[in-house]
$ cat run-v2.cif   # mmCIF, N, CA and C atoms
data_final
#
loop_
_atom_site.label_atom_id
_atom_site.label_comp_id
_atom_site.auth_asym_id
_atom_site.auth_seq_id
_atom_site.Cartn_x
_atom_site.Cartn_y
_atom_site.Cartn_z
N ALA A 193 -26.97 50.35 -35.79
CA ALA A 193 -26.72 49.67 -37.05
C ALA A 193 -25.31 49.10 -37.05
N PHE A 194 -25.18 47.94 -37.61
CA PHE A 194 -23.89 47.28 -37.70
C PHE A 194 -23.02 47.96 -38.75
N VAL A 195 -21.74 48.02 -38.50
CA VAL A 195 -20.77 48.55 -39.47
C VAL A 195 -19.82 47.42 -39.83
N GLY A 196 -19.78 47.05 -41.10
CA GLY A 196 -18.84 46.04 -41.56
C GLY A 196 -17.49 46.70 -41.79
N TYR A 197 -16.47 46.24 -41.12
CA TYR A 197 -15.17 46.91 -41.16
C TYR A 197 -14.40 46.61 -42.46
N ARG A 198 -14.26 45.37 -42.84
CA ARG A 198 -13.72 44.89 -44.10
C ARG A 198 -12.24 45.13 -44.36
N ASP A 199 -11.50 45.72 -43.44
CA ASP A 199 -10.06 45.91 -43.63
C ASP A 199 -9.33 45.75 -42.32
N LEU A 200 -9.65 44.68 -41.59
CA LEU A 200 -9.00 44.40 -40.33
C LEU A 200 -7.62 43.82 -40.59
N LYS A 201 -6.60 44.50 -40.08
CA LYS A 201 -5.20 44.07 -40.25
C LYS A 201 -4.40 44.72 -39.14
N PRO A 202 -3.19 44.21 -38.87
CA PRO A 202 -2.41 44.75 -37.75
C PRO A 202 -2.21 46.26 -37.78
N GLU A 203 -2.02 46.83 -38.94
CA GLU A 203 -1.79 48.27 -39.04
C GLU A 203 -2.99 49.09 -38.60
N ASN A 204 -4.19 48.48 -38.59
CA ASN A 204 -5.41 49.20 -38.23
C ASN A 204 -5.88 48.90 -36.81
N ILE A 205 -5.08 48.18 -36.04
CA ILE A 205 -5.44 47.87 -34.66
C ILE A 205 -4.48 48.62 -33.73
N LEU A 206 -5.04 49.48 -32.90
CA LEU A 206 -4.25 50.28 -31.98
C LEU A 206 -4.38 49.71 -30.57
N VAL A 207 -3.26 49.49 -29.90
CA VAL A 207 -3.26 49.02 -28.52
C VAL A 207 -2.66 50.12 -27.66
N PHE A 208 -3.42 50.55 -26.67
CA PHE A 208 -2.99 51.65 -25.81
C PHE A 208 -2.27 51.13 -24.57
N GLU A 209 -1.58 52.03 -23.88
CA GLU A 209 -0.79 51.66 -22.70
C GLU A 209 -1.63 50.96 -21.63
N ASP A 210 -2.91 51.34 -21.52
CA ASP A 210 -3.77 50.73 -20.50
C ASP A 210 -4.38 49.41 -20.96
N GLY A 211 -4.01 48.93 -22.18
CA GLY A 211 -4.48 47.65 -22.68
C GLY A 211 -5.71 47.71 -23.54
N HIS A 212 -6.32 48.88 -23.67
CA HIS A 212 -7.50 49.01 -24.52
C HIS A 212 -7.12 48.91 -25.99
N ILE A 213 -8.01 48.33 -26.77
CA ILE A 213 -7.79 48.16 -28.21
C ILE A 213 -8.83 48.96 -28.96
N LYS A 214 -8.41 49.65 -29.99
CA LYS A 214 -9.33 50.40 -30.84
C LYS A 214 -8.98 50.14 -32.30
N LEU A 215 -9.99 50.20 -33.15
CA LEU A 215 -9.78 50.05 -34.59
C LEU A 215 -9.62 51.42 -35.21
N ALA A 216 -8.75 51.52 -36.20
CA ALA A 216 -8.51 52.77 -36.91
C ALA A 216 -8.75 52.55 -38.40
N ASP A 217 -8.72 53.61 -39.16
CA ASP A 217 -8.84 53.57 -40.62
C ASP A 217 -10.14 52.92 -41.07
N PHE A 218 -11.21 53.69 -41.04
CA PHE A 218 -12.51 53.21 -41.47
C PHE A 218 -12.81 53.54 -42.93
N GLY A 219 -11.78 53.64 -43.76
CA GLY A 219 -11.96 53.99 -45.16
C GLY A 219 -12.72 52.97 -45.97
N LEU A 220 -12.71 51.69 -45.55
CA LEU A 220 -13.41 50.64 -46.31
C LEU A 220 -14.64 50.10 -45.58
N CYS A 221 -15.05 50.74 -44.49
CA CYS A 221 -16.18 50.21 -43.73
C CYS A 221 -17.48 50.45 -44.50
N ARG A 222 -18.48 49.68 -44.14
CA ARG A 222 -19.80 49.83 -44.76
C ARG A 222 -20.82 50.00 -43.65
N GLN A 223 -21.52 51.12 -43.65
CA GLN A 223 -22.52 51.39 -42.62
C GLN A 223 -23.87 50.86 -43.04
N GLU A 224 -24.73 50.67 -42.04
CA GLU A 224 -26.12 50.24 -42.25
C GLU A 224 -26.19 48.96 -43.06
N ILE A 225 -25.32 48.02 -42.74
CA ILE A 225 -25.30 46.76 -43.45
C ILE A 225 -26.57 45.95 -43.18
N ASP A 226 -27.31 46.29 -42.09
CA ASP A 226 -28.54 45.58 -41.78
C ASP A 226 -29.65 45.91 -42.77
N LYS A 227 -29.57 47.05 -43.45
CA LYS A 227 -30.58 47.40 -44.45
C LYS A 227 -30.32 46.66 -45.76
N SER A 228 -29.08 46.45 -46.07
CA SER A 228 -28.68 45.67 -47.23
C SER A 228 -27.60 44.71 -46.74
N PRO A 229 -27.98 43.53 -46.25
CA PRO A 229 -27.05 42.69 -45.49
C PRO A 229 -25.92 42.07 -46.30
N ARG A 230 -25.90 42.23 -47.57
CA ARG A 230 -24.84 41.64 -48.39
C ARG A 230 -24.11 42.72 -49.17
N ALA A 231 -22.80 42.53 -49.31
CA ALA A 231 -21.98 43.45 -50.09
C ALA A 231 -21.28 42.65 -51.19
N THR A 232 -20.81 43.33 -52.22
CA THR A 232 -20.09 42.66 -53.30
C THR A 232 -18.81 43.38 -53.68
N THR A 233 -18.48 44.43 -52.97
CA THR A 233 -17.30 45.23 -53.29
C THR A 233 -16.02 44.43 -53.04
N PHE A 234 -15.09 44.46 -54.00
CA PHE A 234 -13.79 43.83 -53.80
C PHE A 234 -12.90 44.84 -53.11
N CYS A 235 -12.62 44.61 -51.82
CA CYS A 235 -11.81 45.56 -51.06
C CYS A 235 -11.13 44.84 -49.91
N GLY A 236 -10.15 45.50 -49.33
CA GLY A 236 -9.41 44.94 -48.21
C GLY A 236 -7.96 44.71 -48.57
N THR A 237 -7.22 44.19 -47.62
CA THR A 237 -5.80 43.88 -47.81
C THR A 237 -5.69 42.40 -48.15
N SER A 238 -5.01 42.07 -49.22
CA SER A 238 -5.04 40.72 -49.78
C SER A 238 -4.69 39.63 -48.76
N GLU A 239 -3.79 39.88 -47.84
CA GLU A 239 -3.40 38.86 -46.86
C GLU A 239 -4.50 38.53 -45.87
N TYR A 240 -5.50 39.39 -45.74
CA TYR A 240 -6.50 39.24 -44.69
C TYR A 240 -7.93 39.11 -45.20
N ILE A 241 -8.16 39.24 -46.49
CA ILE A 241 -9.55 39.20 -46.96
C ILE A 241 -10.05 37.77 -47.08
N ALA A 242 -11.33 37.60 -46.90
CA ALA A 242 -11.97 36.30 -46.89
C ALA A 242 -12.17 35.75 -48.31
N TYR A 243 -12.39 34.45 -48.36
CA TYR A 243 -12.59 33.74 -49.62
C TYR A 243 -13.73 34.34 -50.45
N GLU A 244 -14.81 34.72 -49.78
CA GLU A 244 -15.97 35.28 -50.49
C GLU A 244 -15.60 36.53 -51.28
N ILE A 245 -14.72 37.34 -50.72
CA ILE A 245 -14.32 38.56 -51.41
C ILE A 245 -13.45 38.21 -52.62
N TYR A 246 -12.50 37.27 -52.42
CA TYR A 246 -11.67 36.84 -53.55
C TYR A 246 -12.50 36.32 -54.71
N LYS A 247 -13.53 35.54 -54.39
CA LYS A 247 -14.37 34.92 -55.42
C LYS A 247 -15.45 35.86 -55.94
N ARG A 248 -15.46 37.09 -55.41
CA ARG A 248 -16.43 38.11 -55.81
C ARG A 248 -17.88 37.66 -55.59
N CYS A 249 -18.09 36.93 -54.49
CA CYS A 249 -19.43 36.52 -54.08
C CYS A 249 -20.00 37.58 -53.15
N GLU A 250 -21.30 37.51 -52.91
CA GLU A 250 -21.88 38.38 -51.90
C GLU A 250 -21.37 37.95 -50.54
N TYR A 251 -21.18 38.91 -49.64
CA TYR A 251 -20.68 38.60 -48.31
C TYR A 251 -21.32 39.51 -47.28
N ASP A 252 -21.14 39.15 -46.01
CA ASP A 252 -21.69 39.93 -44.92
C ASP A 252 -20.59 40.19 -43.88
N GLU A 253 -20.98 40.50 -42.65
CA GLU A 253 -20.00 40.86 -41.63
C GLU A 253 -19.07 39.71 -41.25
N ASN A 254 -19.35 38.51 -41.67
CA ASN A 254 -18.49 37.38 -41.34
C ASN A 254 -17.09 37.51 -41.94
N VAL A 255 -16.92 38.32 -42.96
CA VAL A 255 -15.58 38.53 -43.51
C VAL A 255 -14.66 39.20 -42.48
N ASP A 256 -15.24 39.97 -41.55
CA ASP A 256 -14.45 40.57 -40.48
C ASP A 256 -13.95 39.50 -39.51
N TRP A 257 -14.77 38.49 -39.25
CA TRP A 257 -14.34 37.39 -38.38
C TRP A 257 -13.20 36.61 -39.03
N TRP A 258 -13.25 36.44 -40.34
CA TRP A 258 -12.17 35.77 -41.06
C TRP A 258 -10.86 36.54 -40.87
N SER A 259 -10.92 37.85 -41.10
CA SER A 259 -9.73 38.68 -40.96
C SER A 259 -9.17 38.62 -39.54
N LEU A 260 -10.06 38.63 -38.55
CA LEU A 260 -9.62 38.52 -37.17
C LEU A 260 -8.92 37.19 -36.92
N GLY A 261 -9.45 36.12 -37.48
CA GLY A 261 -8.83 34.80 -37.33
C GLY A 261 -7.45 34.75 -37.94
N VAL A 262 -7.29 35.34 -39.11
CA VAL A 262 -5.96 35.38 -39.76
C VAL A 262 -5.00 36.20 -38.91
N PHE A 263 -5.48 37.32 -38.39
CA PHE A 263 -4.64 38.17 -37.54
C PHE A 263 -4.19 37.42 -36.29
N ILE A 264 -5.10 36.72 -35.63
CA ILE A 264 -4.75 35.96 -34.42
C ILE A 264 -3.78 34.84 -34.76
N PHE A 265 -3.99 34.18 -35.90
CA PHE A 265 -3.11 33.10 -36.31
C PHE A 265 -1.67 33.59 -36.49
N GLU A 266 -1.53 34.76 -37.08
CA GLU A 266 -0.19 35.33 -37.29
C GLU A 266 0.47 35.63 -35.97
#

$ encode --input "run-v2.cif" --output "structure tokens"
Amino acid sequence: AFVGYRDLKPENILVFEDGHIKLADFGLCRQEIDKSPRATTFCGTSEYIAYEIYKRCEYDENVDWWSLGVFIFE
């Protein structure tokens, strides 16, 4: 089952000495998003959350891709 992370930001990305990357802090993740593919919860860090969350629209895992894009841009 897919897990929507919803709080991707630099503080939650760990880079190890061998170059491996892991995500930390799963406090805002949503499990089993495939059973209910849309969420409406307003959550995340304001600098990284997607437009759909700001507008309080239904959203899916694509909000994680938005956060990743903002992170890479920075």

$ resolve_selection --input "run-v2.cif" --expression "the PyMOL selection byres ((chain A and resi 252) around 6)" --output "list in words"
Pro229, Arg230, Ala231, Glu250, Tyr251, Glu253, Asn254, Val255 and Asp256 of chain A

$ resolve_selection --input "run-v2.cif" --expression "the PyMOL selection byres (((chain A and resi 266 and name CA) around 12) and name CA)" --output "list in words"
Lys201, Pro202, Glu239, Tyr240, Ser259, Leu260, Gly261, Val262, Phe263, Ile264 and Phe265 of chain A

$ write_last_selection --input "run-v2.cif" --atoms "N, CA and C atoms" --output "mmCIF file, in the frame of the given file"
data_model
loop_
_atom_site.group_PDB
_atom_site.id
_atom_site.type_symbol
_atom_site.label_atom_id
_atom_site.label_comp_id
_atom_site.auth_asym_id
_atom_site.auth_seq_id
_atom_site.Cartn_x
_atom_site.Cartn_y
_atom_site.Cartn_z
ATOM 1 N N LYS A 201 -6.600 44.500 -40.080
ATOM 2 C CA LYS A 201 -5.200 44.070 -40.250
ATOM 3 C C LYS A 201 -4.400 44.720 -39.140
ATOM 4 N N PRO A 202 -3.190 44.210 -38.870
ATOM 5 C CA PRO A 202 -2.410 44.750 -37.750
ATOM 6 C C PRO A 202 -2.210 46.260 -37.780
ATOM 7 N N GLU A 239 -3.790 39.880 -47.840
ATOM 8 C CA GLU A 239 -3.400 38.860 -46.860
ATOM 9 C C GLU A 239 -4.500 38.530 -45.870
ATOM 10 N N TYR A 240 -5.500 39.390 -45.740
ATOM 11 C CA TYR A 240 -6.500 39.240 -44.690
ATOM 12 C C TYR A 240 -7.930 39.110 -45.200
ATOM 13 N N SER A 259 -10.920 37.850 -41.100
ATOM 14 C CA SER A 259 -9.730 38.680 -40.960
ATOM 15 C C SER A 259 -9.170 38.620 -39.540
ATOM 16 N N LEU A 260 -10.060 38.630 -38.550
ATOM 17 C CA LEU A 260 -9.620 38.520 -37.170
ATOM 18 C C LEU A 260 -8.920 37.190 -36.920
ATOM 19 N N GLY A 261 -9.450 36.120 -37.480
ATOM 20 C CA GLY A 261 -8.830 34.800 -37.330
ATOM 21 C C GLY A 261 -7.450 34.750 -37.940
ATOM 22 N N VAL A 262 -7.290 35.340 -39.110
ATOM 23 C CA VAL A 262 -5.960 35.380 -39.760
ATOM 24 C C VAL A 262 -5.000 36.200 -38.910
ATOM 25 N N PHE A 263 -5.480 37.320 -38.390
ATOM 26 C CA PHE A 263 -4.640 38.170 -37.540
ATOM 27 C C PHE A 263 -4.190 37.420 -36.290
ATOM 28 N N ILE A 264 -5.100 36.720 -35.630
ATOM 29 C CA ILE A 264 -4.750 35.960 -34.420
ATOM 30 C C ILE A 264 -3.780 34.840 -34.760
ATOM 31 N N PHE A 265 -3.990 34.180 -35.900
ATOM 32 C CA PHE A 265 -3.110 33.100 -36.310
ATOM 33 C C PHE A 265 -1.670 33.590 -36.490
#

$ resolve_selection --input "run-v2.cif" --expression "the PyMOL selection byres ((chain A and resi 234) around 8)" --output "count of residues only"
10

$ residues_around --input "run-v2.cif" --residues "Ala216 (chain A)" --least-positions-apart "4" --cutoff "7 Å" --atoms "all atoms listed in the file" --output "mmCIF file with N, CA and C atoms, in the coordinates of the input"
data_model
loop_
_atom_site.group_PDB
_atom_site.id
_atom_site.type_symbol
_atom_site.label_atom_id
_atom_site.label_comp_id
_atom_site.auth_asym_id
_atom_site.auth_seq_id
_atom_site.Cartn_x
_atom_site.Cartn_y
_atom_site.Cartn_z
ATOM 1 N N GLU A 203 -2.020 46.830 -38.940
ATOM 2 C CA GLU A 203 -1.790 48.270 -39.040
ATOM 3 C C GLU A 203 -2.990 49.090 -38.600
ATOM 4 N N ASN A 204 -4.190 48.480 -38.590
ATOM 5 C CA ASN A 204 -5.410 49.200 -38.230
ATOM 6 C C ASN A 204 -5.880 48.900 -36.810
ATOM 7 N N ILE A 205 -5.080 48.180 -36.040
ATOM 8 C CA ILE A 205 -5.440 47.870 -34.660
ATOM 9 C C ILE A 205 -4.480 48.620 -33.730
ATOM 10 N N LEU A 206 -5.040 49.480 -32.900
ATOM 11 C CA LEU A 206 -4.250 50.280 -31.980
ATOM 12 C C LEU A 206 -4.380 49.710 -30.570
#

$ atom_distance --input "run-v2.cif" --atom1 "atom C of Trp257 (chain A)" --atom2 "atom N of His212 (chain A)"
20.8 Å

$ atom_distance --input "run-v2.cif" --atom1 "atom C of Ile241 (chain A)" --atom2 "CA of Trp258 (chain A)"
6.7 Å
